[in-house]
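Chemist: Structure file input_6.csv, CSV, C-alpha atoms, is pasted below:
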```csv
chain,number,residue,atom,x,y,z
A,983,THR,CA,20.4,54.3,-93.7
A,984,LYS,CA,23.7,53.1,-92.4
A,985,LEU,CA,25.6,55.1,-95.0
A,986,ILE,CA,23.6,58.3,-94.2
A,987,LEU,CA,24.3,57.8,-90.5
A,988,LEU,CA,28.0,57.3,-91.1
A,989,ASP,CA,28.1,60.4,-93.4
A,990,SER,CA,26.4,62.4,-90.7
A,991,LEU,CA,29.0,61.3,-88.1
A,992,LEU,CA,31.9,62.1,-90.4
A,993,GLN,CA,30.6,65.5,-91.1
A,994,GLU,CA,30.5,66.2,-87.3
A,995,THR,CA,34.3,65.5,-87.1
A,996,SER,CA,35.1,69.0,-88.4
A,997,MET,CA,37.1,71.1,-86.0
A,998,GLU,CA,35.4,73.8,-84.0
A,999,ASN,CA,37.2,75.8,-81.3
A,1000,GLY,CA,40.1,73.4,-81.7
A,1001,VAL,CA,38.1,70.4,-80.5
A,1002,SER,CA,36.9,67.5,-82.8
A,1003,TRP,CA,33.2,66.9,-82.5
A,1004,PHE,CA,34.0,63.2,-82.8
A,1005,VAL,CA,36.1,63.4,-79.6
A,1006,VAL,CA,33.1,65.1,-77.9
A,1007,TYR,CA,30.8,62.3,-79.1
A,1008,ALA,CA,33.2,59.7,-77.8
A,1009,LYS,CA,33.6,61.4,-74.4
A,1010,VAL,CA,29.9,61.9,-73.9
A,1011,CYS,CA,29.0,58.3,-74.9
A,1012,GLY,CA,31.9,56.9,-72.9
A,1013,LEU,CA,30.8,58.7,-69.8
A,1014,ALA,CA,27.2,57.6,-70.3
A,1015,TRP,CA,28.2,54.0,-70.7
A,1016,LEU,CA,30.6,54.2,-67.7
A,1017,SER,CA,27.8,55.5,-65.5
A,1018,ILE,CA,25.4,52.8,-66.7
A,1019,TYR,CA,27.9,50.0,-66.3
A,1020,LEU,CA,29.1,51.0,-62.9
A,1021,THR,CA,25.5,51.2,-61.7
A,1022,PHE,CA,24.7,47.7,-62.9
A,1023,GLY,CA,28.1,46.4,-61.8
A,1024,LEU,CA,27.5,47.6,-58.3
A,1025,VAL,CA,24.0,46.2,-58.2
A,1026,PHE,CA,24.5,42.8,-60.0
A,1027,GLY,CA,28.3,42.4,-59.8
A,1028,LEU,CA,28.6,42.2,-63.6
A,1029,ILE,CA,32.1,41.9,-65.0
A,1030,THR,CA,32.6,41.8,-68.8
A,1031,GLN,CA,35.4,41.9,-71.3
A,1032,ILE,CA,36.8,45.2,-72.7
A,1033,THR,CA,35.5,44.2,-76.2
A,1034,LEU,CA,31.9,44.5,-75.0
A,1035,HIS,CA,32.6,48.0,-73.6
A,1036,VAL,CA,34.1,49.2,-76.9
A,1037,MET,CA,31.2,47.8,-78.8
A,1038,ILE,CA,28.6,49.4,-76.6
A,1039,VAL,CA,30.4,52.8,-76.7
A,1040,GLY,CA,30.4,52.6,-80.5
A,1041,LEU,CA,26.7,51.8,-80.5
A,1042,LEU,CA,26.0,54.7,-78.2
A,1043,ILE,CA,28.0,57.0,-80.5
A,1044,CYS,CA,25.7,55.9,-83.4
A,1045,LEU,CA,22.6,56.4,-81.4
A,1046,LEU,CA,23.7,59.8,-80.2
A,1047,THR,CA,24.5,60.8,-83.7
A,1048,TYR,CA,21.0,59.9,-84.8
A,1049,PHE,CA,19.1,61.5,-81.8
A,1050,ARG,CA,21.3,64.3,-80.8
A,1051,LEU,CA,20.2,67.8,-81.8
A,1052,PRO,CA,22.8,70.1,-83.3
A,1053,PRO,CA,23.3,73.5,-81.7
A,1054,PRO,CA,22.0,76.5,-83.5
A,1055,ASN,CA,24.1,78.3,-86.0
A,1056,GLN,CA,26.8,80.2,-84.0
A,1057,SER,CA,26.3,83.4,-85.9
A,1058,LEU,CA,22.6,83.3,-84.9
A,1059,VAL,CA,23.6,82.6,-81.3
A,1060,ARG,CA,26.0,85.6,-81.3
A,1061,GLN,CA,23.2,87.8,-82.7
A,1062,VAL,CA,20.9,86.9,-79.9
A,1063,LEU,CA,23.3,86.5,-77.0
A,1064,GLY,CA,26.2,88.6,-78.1
A,1065,PRO,CA,29.8,87.5,-77.7
A,1066,GLN,CA,30.9,85.2,-74.9
A,1067,PRO,CA,31.2,87.4,-71.8
A,1068,ARG,CA,34.6,88.0,-70.3
A,1069,PRO,CA,35.8,90.2,-67.4
A,1070,GLY,CA,36.6,93.7,-68.6
A,1071,LEU,CA,34.4,93.7,-71.7
A,1072,PRO,CA,32.5,97.1,-71.9
A,1073,ASP,CA,28.8,97.7,-71.8
A,1074,THR,CA,28.9,98.4,-75.5
A,1075,GLU,CA,29.8,94.7,-76.2
A,1076,ILE,CA,27.9,92.9,-73.4
A,1077,GLU,CA,24.6,93.5,-71.7
A,1078,TRP,CA,25.6,92.7,-68.1
A,1079,GLU,CA,22.2,93.1,-66.5
A,1080,LEU,CA,19.1,91.4,-67.9
A,1081,ALA,CA,15.7,92.4,-66.6
A,1082,HIS,CA,14.4,89.4,-64.5
A,1083,ARG,CA,10.6,89.2,-64.8
A,1084,ALA,CA,10.9,92.6,-66.6
A,1085,ALA,CA,12.8,94.0,-63.6
A,1086,CYS,CA,10.0,93.2,-61.1
A,1087,LEU,CA,11.2,95.4,-58.2
A,1088,ASP,CA,10.9,98.5,-60.3
A,1089,ALA,CA,7.3,97.8,-61.4
A,1090,PRO,CA,4.8,95.0,-61.1
A,1091,GLU,CA,6.4,91.8,-62.3
A,1092,ASN,CA,5.9,90.3,-65.7
A,1093,SER,CA,3.6,93.2,-66.7
A,1094,VAL,CA,3.6,95.4,-69.9
A,1095,GLU,CA,4.1,98.4,-67.6
A,1096,ALA,CA,7.3,96.8,-66.2
A,1097,LEU,CA,8.5,96.0,-69.7
A,1098,HIS,CA,8.1,99.6,-70.8
A,1099,LEU,CA,9.9,100.9,-67.7
A,1100,ALA,CA,12.7,98.4,-68.0
A,1101,VAL,CA,13.4,99.4,-71.6
A,1102,LYS,CA,13.2,103.1,-70.6
A,1103,ASN,CA,15.9,102.2,-67.9
A,1104,GLY,CA,18.2,100.8,-70.5
A,1105,ALA,CA,17.3,97.1,-70.5
A,1106,LYS,CA,17.9,95.4,-73.9
A,1107,THR,CA,16.8,91.9,-72.8
A,1108,ILE,CA,13.6,91.0,-70.9
A,1109,GLU,CA,13.1,87.7,-69.1
A,1110,PHE,CA,9.5,86.6,-68.4
A,1111,ASP,CA,7.6,83.5,-67.5
A,1112,VAL,CA,4.8,81.5,-69.2
A,1113,SER,CA,1.9,79.8,-67.3
A,1114,PHE,CA,-1.5,78.5,-68.5
A,1115,THR,CA,-5.0,79.4,-67.4
A,1116,SER,CA,-7.8,76.8,-66.9
A,1117,CYS,CA,-8.9,77.5,-70.5
A,1118,LYS,CA,-5.3,76.8,-71.7
A,1119,THR,CA,-4.5,80.4,-72.6
A,1120,PRO,CA,-0.8,81.1,-72.2
A,1121,VAL,CA,-0.2,84.1,-69.9
A,1122,VAL,CA,2.9,85.9,-68.6
A,1123,PHE,CA,3.0,84.8,-65.0
A,1124,HIS,CA,5.7,83.2,-62.8
A,1125,ASP,CA,4.1,81.4,-59.8
A,1126,ASP,CA,1.9,78.3,-59.6
A,1127,SER,CA,-0.6,80.4,-57.6
A,1128,VAL,CA,-1.7,84.0,-57.7
A,1129,ASP,CA,-1.4,84.5,-53.9
A,1130,ARG,CA,2.0,86.3,-53.8
A,1131,VAL,CA,1.4,89.1,-56.3
A,1132,THR,CA,-2.3,89.7,-56.4
A,1133,GLN,CA,-5.2,90.2,-54.0
A,1134,ALA,CA,-6.7,86.8,-54.9
A,1135,THR,CA,-5.8,83.2,-54.0
A,1136,GLY,CA,-5.5,79.9,-55.8
A,1137,PRO,CA,-3.6,78.2,-58.6
A,1138,VAL,CA,-3.3,80.1,-61.9
A,1139,SER,CA,-4.6,77.0,-63.7
A,1140,SER,CA,-7.9,77.3,-61.8
A,1141,TYR,CA,-8.7,80.7,-63.3
A,1142,THR,CA,-10.2,81.4,-66.7
A,1143,ASN,CA,-8.3,84.0,-68.7
A,1144,SER,CA,-11.2,86.5,-68.3
A,1145,LYS,CA,-11.2,86.1,-64.5
A,1146,LEU,CA,-7.4,86.3,-64.4
A,1147,LYS,CA,-7.6,89.7,-66.2
A,1148,LYS,CA,-9.6,91.1,-63.2
A,1149,LEU,CA,-6.6,90.6,-60.8
A,1150,ASN,CA,-4.4,93.5,-60.1
A,1151,LEU,CA,-0.6,92.9,-60.2
A,1152,ALA,CA,0.0,96.3,-58.5
A,1153,SER,CA,-2.0,95.4,-55.4
A,1154,LYS,CA,0.9,94.0,-53.4
A,1155,HIS,CA,3.9,95.6,-55.2
A,1156,PRO,CA,6.0,97.9,-53.1
A,1157,LEU,CA,5.5,100.7,-55.7
A,1158,GLY,CA,1.9,99.7,-56.4
A,1159,ALA,CA,0.5,103.1,-55.3
A,1160,SER,CA,2.3,104.7,-58.3
A,1161,HIS,CA,0.4,102.4,-60.7
A,1162,ASP,CA,-3.3,102.1,-61.6
A,1163,PHE,CA,-4.7,98.7,-62.3
A,1164,VAL,CA,-2.1,96.4,-63.8
A,1165,LYS,CA,-3.4,93.3,-65.5
A,1166,ILE,CA,-1.7,89.9,-66.2
A,1167,PRO,CA,-0.8,90.0,-69.9
A,1168,ASP,CA,-1.4,87.3,-72.5
A,1169,LEU,CA,1.8,85.7,-73.8
A,1170,GLU,CA,1.2,86.8,-77.5
A,1171,ASP,CA,0.5,90.4,-76.5
A,1172,PHE,CA,3.6,90.6,-74.4
A,1173,VAL,CA,5.8,89.1,-77.2
A,1174,GLN,CA,4.4,91.6,-79.7
A,1175,GLU,CA,5.2,94.5,-77.3
A,1176,CYS,CA,8.8,93.2,-76.9
A,1177,LEU,CA,9.2,93.1,-80.7
A,1178,LYS,CA,7.7,96.5,-81.0
A,1179,LEU,CA,10.2,97.9,-78.5
A,1180,LYS,CA,13.0,95.9,-80.1
A,1181,ALA,CA,13.7,94.1,-76.8
A,1182,LYS,CA,15.3,90.7,-76.8
A,1183,MET,CA,13.5,88.0,-74.9
A,1184,ILE,CA,14.3,85.2,-72.5
A,1185,ILE,CA,11.1,83.1,-72.3
A,1186,ASP,CA,11.0,80.9,-69.2
A,1187,LEU,CA,8.6,78.0,-69.5
A,1188,LYS,CA,7.0,76.9,-66.2
A,1189,SER,CA,4.4,74.4,-67.4
A,1190,TYR,CA,4.9,70.6,-66.9
A,1191,ASP,CA,2.8,69.8,-70.0
A,1192,VAL,CA,5.4,69.2,-72.7
A,1193,ASP,CA,3.2,68.9,-75.8
A,1194,GLU,CA,1.0,71.9,-74.9
A,1195,THR,CA,3.9,74.2,-74.1
A,1196,ALA,CA,6.0,73.2,-77.0
A,1197,ASP,CA,3.1,73.8,-79.4
A,1198,VAL,CA,2.5,77.3,-78.0
A,1199,ILE,CA,6.2,78.2,-78.4
A,1200,LEU,CA,6.5,76.7,-81.9
A,1201,ASP,CA,3.3,78.5,-83.0
A,1202,LEU,CA,4.8,81.8,-81.7
A,1203,TYR,CA,7.9,81.4,-83.7
A,1204,LYS,CA,5.9,80.7,-86.8
A,1205,LYS,CA,3.7,83.7,-86.2
A,1206,PHE,CA,6.6,86.0,-85.4
A,1207,PRO,CA,9.7,84.9,-87.4
A,1208,ALA,CA,11.7,87.8,-86.0
A,1209,MET,CA,11.9,85.9,-82.7
A,1210,LYS,CA,14.6,83.7,-84.2
A,1211,THR,CA,17.0,86.6,-84.0
A,1212,CYS,CA,16.1,88.0,-80.6
A,1213,THR,CA,14.8,85.2,-78.3
A,1214,ILE,CA,16.1,82.4,-76.1
A,1215,VAL,CA,13.8,79.8,-74.6
A,1216,THR,CA,14.7,78.4,-71.2
A,1217,SER,CA,13.2,75.8,-68.8
A,1218,PHE,CA,14.0,73.6,-65.8
A,1219,PHE,CA,12.7,70.7,-67.9
A,1220,PRO,CA,15.3,69.5,-70.5
A,1221,HIS,CA,12.8,67.1,-72.2
A,1222,LEU,CA,10.6,70.1,-73.0
A,1223,LEU,CA,13.6,71.9,-74.6
A,1224,TYR,CA,14.4,68.8,-76.6
A,1225,LYS,CA,10.8,68.6,-77.9
A,1226,ILE,CA,11.0,72.2,-79.0
A,1227,ARG,CA,14.4,72.0,-80.7
A,1228,LEU,CA,13.4,68.6,-82.3
A,1229,GLN,CA,10.8,70.6,-84.3
A,1230,ASP,CA,13.0,73.6,-85.0
A,1231,SER,CA,16.8,73.3,-84.3
A,1232,ASP,CA,17.3,77.1,-85.0
A,1233,ILE,CA,15.6,77.9,-81.7
A,1234,ILE,CA,18.2,78.9,-79.1
A,1235,CYS,CA,17.7,77.3,-75.7
A,1236,SER,CA,19.1,77.2,-72.3
A,1237,VAL,CA,18.5,75.1,-69.2
A,1238,SER,CA,17.5,76.8,-66.0
A,1239,PHE,CA,19.0,75.1,-62.9
A,1240,ARG,CA,19.3,75.2,-59.2
A,1241,PRO,CA,20.2,72.5,-56.7
A,1242,HIS,CA,17.5,70.4,-55.2
A,1243,PHE,CA,14.9,71.5,-57.7
A,1244,LEU,CA,12.8,68.3,-58.0
A,1245,ALA,CA,12.7,67.5,-54.3
A,1246,TYR,CA,12.3,71.0,-52.8
A,1247,SER,CA,10.2,73.9,-54.0
A,1248,THR,CA,12.4,76.5,-52.4
A,1249,TYR,CA,16.1,77.2,-52.3
A,1250,ASP,CA,18.0,80.4,-51.2
A,1251,GLY,CA,21.5,79.2,-51.5
A,1252,THR,CA,21.5,77.0,-48.4
A,1253,THR,CA,19.7,73.8,-47.4
A,1254,VAL,CA,18.1,75.4,-44.4
A,1255,ASN,CA,14.2,75.6,-44.3
A,1256,MET,CA,13.7,74.1,-47.8
A,1257,LYS,CA,10.1,73.1,-48.5
A,1258,HIS,CA,9.4,69.5,-49.7
A,1259,ARG,CA,7.6,69.1,-53.0
A,1260,PHE,CA,6.6,65.5,-52.2
A,1261,THR,CA,6.4,63.0,-49.4
A,1262,GLY,CA,7.2,59.3,-49.1
A,1263,LEU,CA,8.8,57.4,-52.0
A,1264,LYS,CA,8.2,60.3,-54.4
A,1265,PHE,CA,10.4,62.5,-52.3
A,1266,VAL,CA,13.1,59.8,-52.1
A,1267,ALA,CA,13.0,59.4,-55.9
A,1268,ALA,CA,13.2,63.2,-56.4
A,1269,ARG,CA,16.3,63.3,-54.1
A,1270,LEU,CA,18.0,60.6,-56.1
A,1271,VAL,CA,17.3,62.4,-59.4
A,1272,ASP,CA,18.6,65.7,-57.9
A,1273,ALA,CA,21.8,63.9,-56.9
A,1274,VAL,CA,22.7,62.7,-60.4
A,1275,TYR,CA,21.1,65.4,-62.6
A,1276,PRO,CA,23.9,68.0,-62.3
A,1277,TRP,CA,26.4,65.5,-63.6
A,1278,LEU,CA,24.1,64.4,-66.4
A,1279,LEU,CA,23.5,68.0,-67.4
A,1280,GLU,CA,27.2,69.0,-67.4
A,1281,ASN,CA,28.4,65.9,-69.2
A,1282,ILE,CA,25.6,64.5,-71.4
A,1283,LEU,CA,22.4,66.5,-71.7
A,1284,TRP,CA,23.9,69.8,-72.8
A,1285,PHE,CA,25.4,68.0,-75.8
A,1286,PHE,CA,22.3,66.0,-76.5
A,1287,ILE,CA,19.9,68.9,-76.5
A,1288,GLY,CA,22.2,71.4,-78.2
A,1289,LEU,CA,22.2,74.1,-75.5
A,1290,SER,CA,23.6,77.6,-75.9
A,1291,ALA,CA,23.5,78.8,-72.3
A,1292,VAL,CA,22.7,77.8,-68.7
A,1293,LEU,CA,20.7,80.0,-66.3
A,1294,VAL,CA,21.7,79.1,-62.8
A,1295,HIS,CA,21.2,80.1,-59.2
A,1296,LYS,CA,23.9,82.6,-58.2
A,1297,ALA,CA,24.9,80.5,-55.2
A,1298,ILE,CA,26.6,77.9,-57.4
A,1299,VAL,CA,28.4,80.2,-59.7
A,1300,THR,CA,32.2,79.8,-59.0
A,1301,PRO,CA,35.2,80.4,-61.2
A,1302,GLN,CA,35.5,76.6,-61.8
A,1303,TYR,CA,31.8,76.2,-62.6
A,1304,VAL,CA,32.0,79.0,-65.2
A,1305,SER,CA,35.2,77.7,-66.7
A,1306,ASN,CA,33.7,74.2,-67.1
A,1307,TRP,CA,30.8,75.5,-69.1
A,1308,ARG,CA,32.9,77.9,-71.2
A,1309,GLU,CA,35.1,75.0,-72.3
A,1310,LYS,CA,31.9,73.6,-73.9
A,1311,GLY,CA,31.1,76.9,-75.5
A,1312,ILE,CA,28.2,77.5,-73.2
A,1313,ARG,CA,27.6,80.8,-71.4
A,1314,VAL,CA,26.5,81.1,-67.7
A,1315,VAL,CA,23.9,83.6,-66.6
A,1316,ALA,CA,23.3,84.0,-62.9
A,1317,TRP,CA,20.0,84.6,-61.1
A,1318,THR,CA,18.7,86.5,-59.2
A,1319,VAL,CA,21.3,89.2,-58.5
A,1320,ASN,CA,20.1,92.4,-57.0
A,1321,ASP,CA,23.1,93.4,-54.8
A,1322,PRO,CA,25.4,95.9,-56.6
A,1323,LEU,CA,28.5,94.2,-55.1
A,1324,GLU,CA,27.4,90.8,-56.4
A,1325,LYS,CA,26.7,92.2,-59.8
A,1326,ALA,CA,30.2,93.8,-59.8
A,1327,TYR,CA,31.9,90.6,-58.7
A,1328,LEU,CA,30.1,88.5,-61.3
A,1329,ARG,CA,30.9,91.0,-64.0
A,1330,HIS,CA,34.5,92.0,-63.2
A,1331,LYS,CA,35.8,88.8,-61.7
A,1332,LEU,CA,33.9,86.0,-63.5
A,1333,GLY,CA,32.6,87.7,-66.6
A,1334,VAL,CA,29.1,86.5,-65.9
A,1335,GLN,CA,25.8,88.3,-66.8
A,1336,SER,CA,23.1,88.8,-64.1
A,1337,LEU,CA,19.4,88.4,-64.2
A,1338,THR,CA,18.3,91.2,-61.9
A,1339,ASP,CA,15.0,92.4,-60.4
A,1340,THR,CA,16.1,96.0,-60.5
A,1341,LEU,CA,17.9,98.2,-63.0
A,1342,GLU,CA,18.6,101.0,-60.5
A,1343,LYS,CA,22.2,102.1,-60.9
A,1344,VAL,CA,24.0,102.5,-57.6
A,1345,LYS,CA,27.4,104.3,-57.8
A,1346,PRO,CA,30.4,102.4,-56.2
A,1347,ASP,CA,30.8,105.1,-53.6
A,1348,HIS,CA,27.3,104.3,-52.3
A,1349,TRP,CA,27.8,100.6,-52.0
A,1350,VAL,CA,27.4,99.2,-48.5
A,1351,VAL,CA,29.9,96.5,-47.6
```
Output the file's structure as structure tokens, nothing else.
Modeler:
Amino acid sequence: TKLILLDSLLQETSMENGVSWFVVYAKVCGLAWLSIYLTFGLVFGLITQITLHVMIVGLLICLLTYFRLPPPNQSLVRQVLGPQPRPGLPDTEIEWELAHRAACLDAPENSVEALHLAVKNGAKTIEFDVSFTSCKTPVVFHDDSVDRVTQATGPVSSYTNSKLKKLNLASKHPLGASHDFVKIPDLEDFVQECLKLKAKMIIDLKSYDVDETADVILDLYKKFPAMKTCTIVTSFFPHLLYKIRLQDSDIICSVSFRPHFLAYSTYDGTTVNMKHRFTGLKFVAARLVDAVYPWLLENILWFFIGLSAVLVHKAIVTPQYVSNWREKGIRVVAWTVNDPLEKAYLRHKLGVQSLTDTLEKVKPDHWVV
């Protein structure tokens, strides 16, 4: 076993993009141990010899080599995501606008009708969400409750699939009058429709149930092998992505991220009027995790899970943020970007793709500054 582990580590030392994987292993493990040591040092006042530090970093490198998931084959990543975006690349090389919830301002969100309209309007990639009914049927739906987009109320998880199908997604949509009854689609039906239209997919997993959600996604990939070359799976929960990639390391994954995600249920780019998810000690614990999680994601988790992209709130996308991820070979996609000026800035200045609710094209001479 030791020889196999050593051989695995040595194979990882091959050069890629000019950086030795062994150096990356050492850096990730060194940072991990430094954070652990400083935490315990501050709490207990522990002071140890340098030899112990070297031994522990070495042990962490071995553990990381064993448990770390390798990233997908880069040729497969390029096939799904295209080349790494850069400012100035033409539309023929990069899809700069990705249809968020199937472009939910142009048609009722996450519906088959919206999917067809988005493809008609030029979308090549459709982002959509996965939730579960009370009977554990996976459906394409974003919110925890049905209140915002239908005429009904209550959690999605309180409805059977048959009752959910009676709700009309067009009832509260701004363009609802131009649609007849629009139902909430089953996940499998929606995926089949994407494949039929040759649309790439970004599947956003909303469920907290790791085993249930991972099984559904893995079964989909087994049923539709073509998904491997046209699909990326994303979630706010890195342990869910690890569970999926542990079973199939060819599945391309990204982490979705915004500040204050665990402690607050809302965020619009500022800390004003954010809504608490929890109260008491749970809220304090969530705040602590929110404080350290960005550092863990950027320095350790991305490498451990084998990420290919990060989908982040547009408010945190800066030149330095994008540069930090590009150095790791990870692309940044911003959400949700509906303003033409913001789209232009992200594209032409930062080389960042946008998840957008509308594919309406506004000419520069019609922009309002």
Chemist: Write out as a PyMOL selection string each polymer residue whose atoms come within 7 Å of Thr1211 of chain A, counting only C-alpha atoms; drop sequence neighbours fewer than 4 positions from it.
Modeler: chain A and resi 1058+1061-1062
Chemist: If we count only C-alpha atoms, what is near Ser1336 of chain A at a cut-off of 8 Å, once residues fewer than 2 positions away on the same chain are taken out, given as an MDAnalysis selection string?
Modeler: chainID A and resid 1078:1080 1315:1319 1325 1328 1334 1338
Chemist: Which one is closest to Tyr1246 of chain A: A:Asp1272, A:Asp1230, A:Asp1193, A:Asp1073? Count only C-alpha atoms.
Modeler: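 Among the listed residues, the smallest separation from Tyr1246 of chain A belongs to A:Asp1272.
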Chemist: Quick one: of A:Thr1021, A:Asn1055, A:Ser1140, A:Thr1047, who's nearest to Lys1210 of chain A, counting all atoms listed in the file?
Modeler: A:Asn1055
Chemist: So that I can check the surroundings of Ile1312 of chain A, please list as a list of chain:residue names every protein, DNA and RNA residue that reaches within 7 Å of it, counting all atoms listed in the file and ignoring chain neighbours fewer than 5 positions away.
Modeler: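 Listed by chain and then number, they are A:Ser1290, A:Ala1291, A:Trp1307.
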Chemist: Quick check, in Å to one decimal: how far apart do atom CA of Leu1228 of chain A and atom CA of Ala1208 of chain A lie?
Modeler: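 Atom CA of Ala1208 of chain A lies 19.6 Å from atom CA of Leu1228 of chain A.
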Chemist: I'd like to know which of A:Val1237, A:Val1198, A:Val1292, A:Met1209 is closest to His1221 of chain A, using only C-alpha atoms.
Modeler: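 Selected residue with least distance to His1221 of chain A: A:Val1237.
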Chemist: Would you please work out which residue, of A:Leu1099, A:Leu1034, A:Val1006, A:Val1164, is nearest to Ala1085 of chain A when using only C-alpha atoms?
Modeler: A:Leu1099
Chemist: Provide the atom CA of Thr1132 of chain A to atom CA of Arg1240 of chain A distance in Å, to one decimal place.
Modeler: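 If I compute the distance from atom CA of Thr1132 of chain A to atom CA of Arg1240 of chain A, I get 26.2 Å.
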Chemist: Between A:Glu1280, A:Asp1321, A:Glu1175, A:Glu1194, which is the closest to Ser1305 of chain A once you count all atoms listed in the file?
Modeler: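 Closest residue, counting all atoms listed in the file: A:Glu1280.
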Chemist: Give me, as number ranges by chain, all polymer residues having an atom no more than 12 Å from Gly1012 of chain A, counting only C-alpha atoms and skipping those fewer than 6 positions away in the same chain.
Modeler: A: 1004-1006, 1018-1020, 1035-1043, 1046, 1281-1282
Chemist: For Leu1146 of chain A, list every protein, DNA or RNA residue within 7 Å, evaluated using only C-alpha atoms, and leave out those in the same chain fewer than 4 positions away; present the list as an mmCIF file with C-alpha atoms, in the frame of the given file.
Modeler:
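What landed in part.cif:
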```
data_model
loop_
_atom_site.group_PDB
_atom_site.id
_atom_site.type_symbol
_atom_site.label_atom_id
_atom_site.label_comp_id
_atom_site.auth_asym_id
_atom_site.auth_seq_id
_atom_site.Cartn_x
_atom_site.Cartn_y
_atom_site.Cartn_z
ATOM 1 C CA TYR A 1141 -8.700 80.700 -63.300
ATOM 2 C CA THR A 1142 -10.200 81.400 -66.700
ATOM 3 C CA ILE A 1166 -1.700 89.900 -66.200
#
```
Chemist: Could you tell me which of A:Asp1125, A:Asp1339, A:Asp1111, A:Asp1186 comes closest to Ser1236 of chain A if we count all atoms listed in the file?
Modeler: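 Of A:Asp1125, A:Asp1339, A:Asp1111, A:Asp1186, the one nearest Ser1236 of chain A, counting all atoms listed in the file, is A:Asp1186.
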Chemist: To one decimal place in Å, what is the distance between atom CA of Lys1165 of chain A and atom CA of Val1101 of chain A?
Modeler: 18.9 Å
Chemist: Please determine the residues with any atom at most 10 Å from (7.8, 63.9, -56.5) (coordinates as given in the file, with all atoms listed in the file counting) and report them as an MDAnalysis selection string.
Modeler: chainID A and resid 1244:1246 1258:1269
